[in-house]
Amino acid sequence: MDRASASVLYLYRSYLRQSRNLPHLYLRQFFQVRARDDINAILSSKSEDRRAERIKLVHKRIHRIQKANNGDRKSFNWILELAYGRKGKLKWDLLEPIRYPSVNDIPNEPIIPGVEKSRPPVYSPELKALLTSSGSRDKKALDRKDLITPRTLPPRANPNSIEALTFGPFSKRREVNIRRRFFQDELKKILPPLQVTEIMPSTNISKVPMRSLGFQNSGVLQELETLIGYSLTENPPKTRRERRSLPAEQPVLIPTTNLERHPSRWVRRRYRALLARIPLLFYECKSNSTQPFRVEKHPLGHFPHDRSVRTMPDLDAVTMAWIEQKSTTNIKRAKGADKGKE
């Protein structure tokens, strides 16, 4: 065995050694397959420069996995996002089934008459739901009208606008390129769901069929919920103030610990942050509906290190009651201070 082959073998063993230390079986399996693919890419490199570049990239990935095993938050988040399709090749594999329109979608008319390639892109029903929801995007959600007329398209593209009447018609070729570029740019901002959940399966024949995604019926999403250890059907534990306000005869129920959840609280918080970036796509079969899909945020998703407005949960009745109580208390304090000054 020559020196080059020995160095690649040593690299492969280091890759597998670090992958075996990951805290979840799916992560270990994912990076074991990824290690094999990366090593095959190195061995299939024809030029020395390309080979050295790929070896450097693999060294960087091994170092990131090692930092994640040592408790580095950013490296561990990078591993989770790569393994669950928030970035990288797996993201585009998850988007592949819904990226293109179904057989029932009617193609748009070509912008340039007689040129088939000038047809505007058709947004599938799944893409319409994902693009117009804030829970499935890193950026602000789009409006329905943006799917018809992109935001980047100048007003001059409308032949009846003042700009078109003043400066002449807009270039059809530029309009084709703007629409296609807008479609590709917005597609990159989507956080793909892992599966499609059908609500109340019915015998009705819908106009829009349901297409399965990459992790459909694989149980990957359920494994994430089990690792966190929370049940969606049980009530959350009460706070100290809520326990004190209970009647004396009512016993305080102490929540039992889920034995199947991961023992490390640090790891569970990382998985909750991951669930906040995995939207839930629901399909409800309706015979007269052309948009049977809807997107929701995962109830267990949480950003422990992000306090921006984008990651704040929706306002519910309990939070509203706390806000009203706090406002009433502040008003009473202000009135008491004014009376003291008089």
# chains A, B, ... in the order shown; residues from 1 in each chain; ligands from 1
>>> select_by_dssp(residues="stretch 8-168 of chain A", states="helix (DSSP H, G or I)", output="PyMOL selection string")
chain A and resi 8-19+25-43+48-69+73-83+89-99+116-118+125-131+134-136+144-148+155-157+162-167
>>> residues_around(residues="A:Glu198", least_positions_apart="3", cutoff="10 Å", atoms="only C-alpha atoms", output="PyMOL selection string")
chain A and resi 195+201-202+210+281-285+292-293
>>> closest_residue(among="A:Glu175, A:Glu296, A:Glu186, A:Glu260", to="A:Ile112", atoms="only C-alpha atoms")
A:Glu175
>>> residues_around(residues="A:Pro193", least_positions_apart="6", cutoff="12 Å", atoms="only C-alpha atoms", output="PyMOL selection string")
chain A and resi 84-86+90-98+126-127+129-130+135-137+212-216+220-221+274-282+294-298
>>> write_last_selection(atoms="N, CA, C and O atoms", output="compact mmCIF listing (two decimals), in the first residue's frame")
# COMPACT_ATOMS: atom_id res chain seq x y z
N TYR A 84 -30.65 16.16 8.54
CA TYR A 84 -32.11 16.19 8.39
C TYR A 84 -32.54 17.12 7.25
O TYR A 84 -33.69 17.55 7.23
N GLY A 85 -31.65 17.42 6.35
CA GLY A 85 -32.03 18.10 5.12
C GLY A 85 -32.36 19.56 5.26
O GLY A 85 -33.12 20.09 4.45
N ARG A 86 -31.78 20.24 6.26
CA ARG A 86 -31.97 21.68 6.32
C ARG A 86 -30.99 22.40 5.40
O ARG A 86 -31.16 23.58 5.10
N LEU A 90 -29.23 16.64 0.72
CA LEU A 90 -30.46 16.03 1.20
C LEU A 90 -31.64 17.00 1.14
O LEU A 90 -32.78 16.58 0.94
N LYS A 91 -31.39 18.28 1.31
CA LYS A 91 -32.46 19.27 1.21
C LYS A 91 -33.10 19.24 -0.16
O LYS A 91 -34.33 19.26 -0.29
N TRP A 92 -32.29 19.17 -1.21
CA TRP A 92 -32.82 19.15 -2.57
C TRP A 92 -33.45 17.81 -2.90
O TRP A 92 -34.38 17.74 -3.73
N ASP A 93 -32.99 16.74 -2.26
CA ASP A 93 -33.65 15.44 -2.44
C ASP A 93 -35.05 15.45 -1.84
O ASP A 93 -35.97 14.82 -2.38
N LEU A 94 -35.22 16.14 -0.70
CA LEU A 94 -36.55 16.23 -0.09
C LEU A 94 -37.48 17.11 -0.90
O LEU A 94 -38.70 16.88 -0.94
N LEU A 95 -36.93 18.12 -1.56
CA LEU A 95 -37.76 19.02 -2.36
C LEU A 95 -38.07 18.45 -3.75
O LEU A 95 -38.95 18.98 -4.44
N GLU A 96 -37.36 17.42 -4.16
CA GLU A 96 -37.51 16.91 -5.52
C GLU A 96 -38.94 16.46 -5.85
O GLU A 96 -39.44 16.78 -6.93
N PRO A 97 -39.65 15.73 -4.96
CA PRO A 97 -41.01 15.30 -5.34
C PRO A 97 -42.00 16.44 -5.53
O PRO A 97 -42.97 16.29 -6.29
N ILE A 98 -41.81 17.56 -4.83
CA ILE A 98 -42.79 18.66 -4.91
C ILE A 98 -42.23 19.85 -5.66
O ILE A 98 -42.92 20.87 -5.79
N GLU A 126 -47.99 22.03 -3.09
CA GLU A 126 -47.14 21.94 -1.90
C GLU A 126 -46.22 23.16 -1.79
O GLU A 126 -46.04 23.71 -0.70
N LEU A 127 -45.66 23.58 -2.93
CA LEU A 127 -44.79 24.76 -2.91
C LEU A 127 -45.56 26.02 -2.56
O LEU A 127 -45.04 26.90 -1.86
N ALA A 129 -48.08 26.26 -0.56
CA ALA A 129 -48.29 26.27 0.90
C ALA A 129 -47.00 26.58 1.64
O ALA A 129 -47.01 27.31 2.65
N LEU A 130 -45.87 26.06 1.18
CA LEU A 130 -44.59 26.28 1.86
C LEU A 130 -44.09 27.71 1.67
O LEU A 130 -43.53 28.31 2.60
N GLY A 135 -43.66 29.44 8.73
CA GLY A 135 -43.06 28.33 9.45
C GLY A 135 -42.16 27.46 8.62
O GLY A 135 -41.47 26.59 9.16
N SER A 136 -42.15 27.65 7.31
CA SER A 136 -41.34 26.82 6.43
C SER A 136 -40.29 27.61 5.66
O SER A 136 -39.79 27.13 4.64
N ARG A 137 -39.99 28.82 6.14
CA ARG A 137 -39.03 29.67 5.44
C ARG A 137 -38.11 30.34 6.45
O ARG A 137 -38.49 30.61 7.58
N SER A 212 -45.88 11.63 -1.75
CA SER A 212 -45.06 11.31 -0.58
C SER A 212 -43.71 11.98 -0.68
O SER A 212 -43.17 12.19 -1.77
N LEU A 213 -43.15 12.31 0.50
CA LEU A 213 -41.82 12.90 0.57
C LEU A 213 -40.79 11.85 0.95
O LEU A 213 -41.11 10.69 1.16
N GLY A 214 -39.54 12.30 1.10
CA GLY A 214 -38.42 11.38 1.27
C GLY A 214 -38.49 10.52 2.52
O GLY A 214 -38.15 9.34 2.49
N PHE A 215 -38.95 11.07 3.65
CA PHE A 215 -39.01 10.32 4.91
C PHE A 215 -40.43 9.86 5.22
O PHE A 215 -40.76 9.66 6.40
N GLN A 216 -41.27 9.72 4.20
CA GLN A 216 -42.65 9.30 4.43
C GLN A 216 -42.68 7.89 5.02
O GLN A 216 -42.04 6.96 4.52
N VAL A 220 -38.92 8.88 11.20
CA VAL A 220 -37.83 9.76 11.61
C VAL A 220 -38.34 10.90 12.48
O VAL A 220 -37.74 11.25 13.50
N LEU A 221 -39.48 11.48 12.09
CA LEU A 221 -40.03 12.58 12.89
C LEU A 221 -40.49 12.11 14.25
O LEU A 221 -40.30 12.81 15.26
N LEU A 274 -33.84 22.01 16.31
CA LEU A 274 -33.99 21.42 14.99
C LEU A 274 -35.46 21.31 14.59
O LEU A 274 -35.83 21.61 13.44
N LEU A 275 -36.31 20.89 15.52
CA LEU A 275 -37.74 20.77 15.22
C LEU A 275 -38.37 22.11 14.87
O LEU A 275 -39.37 22.16 14.13
N ALA A 276 -37.81 23.20 15.38
CA ALA A 276 -38.32 24.52 15.03
C ALA A 276 -38.06 24.85 13.57
O ALA A 276 -38.68 25.77 13.02
N ARG A 277 -37.15 24.13 12.92
CA ARG A 277 -36.82 24.36 11.51
C ARG A 277 -37.34 23.23 10.62
O ARG A 277 -36.93 23.11 9.47
N ILE A 278 -38.23 22.39 11.16
CA ILE A 278 -38.86 21.33 10.38
C ILE A 278 -40.36 21.61 10.36
O ILE A 278 -41.05 21.38 11.35
N PRO A 279 -40.89 22.14 9.27
CA PRO A 279 -42.33 22.42 9.22
C PRO A 279 -43.15 21.14 9.08
O PRO A 279 -42.66 20.11 8.62
N LEU A 280 -44.38 21.23 9.52
CA LEU A 280 -45.33 20.13 9.37
C LEU A 280 -46.27 20.44 8.21
O LEU A 280 -46.93 21.47 8.20
N LEU A 281 -46.31 19.55 7.24
CA LEU A 281 -47.16 19.73 6.06
C LEU A 281 -48.34 18.77 6.17
O LEU A 281 -48.16 17.55 6.25
N PHE A 282 -49.55 19.33 6.19
CA PHE A 282 -50.77 18.55 6.34
C PHE A 282 -51.54 18.54 5.02
O PHE A 282 -51.56 19.55 4.29
N ARG A 294 -51.66 22.62 4.06
CA ARG A 294 -51.40 23.72 4.99
C ARG A 294 -50.15 23.38 5.81
O ARG A 294 -49.82 22.21 6.01
N VAL A 295 -49.49 24.42 6.26
CA VAL A 295 -48.22 24.28 6.98
C VAL A 295 -48.39 24.80 8.40
O VAL A 295 -49.00 25.85 8.61
N GLU A 296 -47.83 24.08 9.35
CA GLU A 296 -47.85 24.49 10.75
C GLU A 296 -46.46 24.29 11.35
O GLU A 296 -45.67 23.46 10.87
N LYS A 297 -46.18 25.05 12.39
CA LYS A 297 -44.94 24.87 13.13
C LYS A 297 -45.07 23.71 14.09
O LYS A 297 -46.16 23.43 14.61
N HIS A 298 -43.97 23.04 14.33
CA HIS A 298 -44.00 21.90 15.26
C HIS A 298 -44.19 22.42 16.68
O HIS A 298 -43.49 23.35 17.10
>>> atom_distance(atom1="atom CA of A:Ser264", atom2="atom CA of A:Thr226")
13.2 Å
>>> atom_distance(atom1="atom CA of A:Phe167", atom2="atom CA of A:Ile148")
23.5 Å
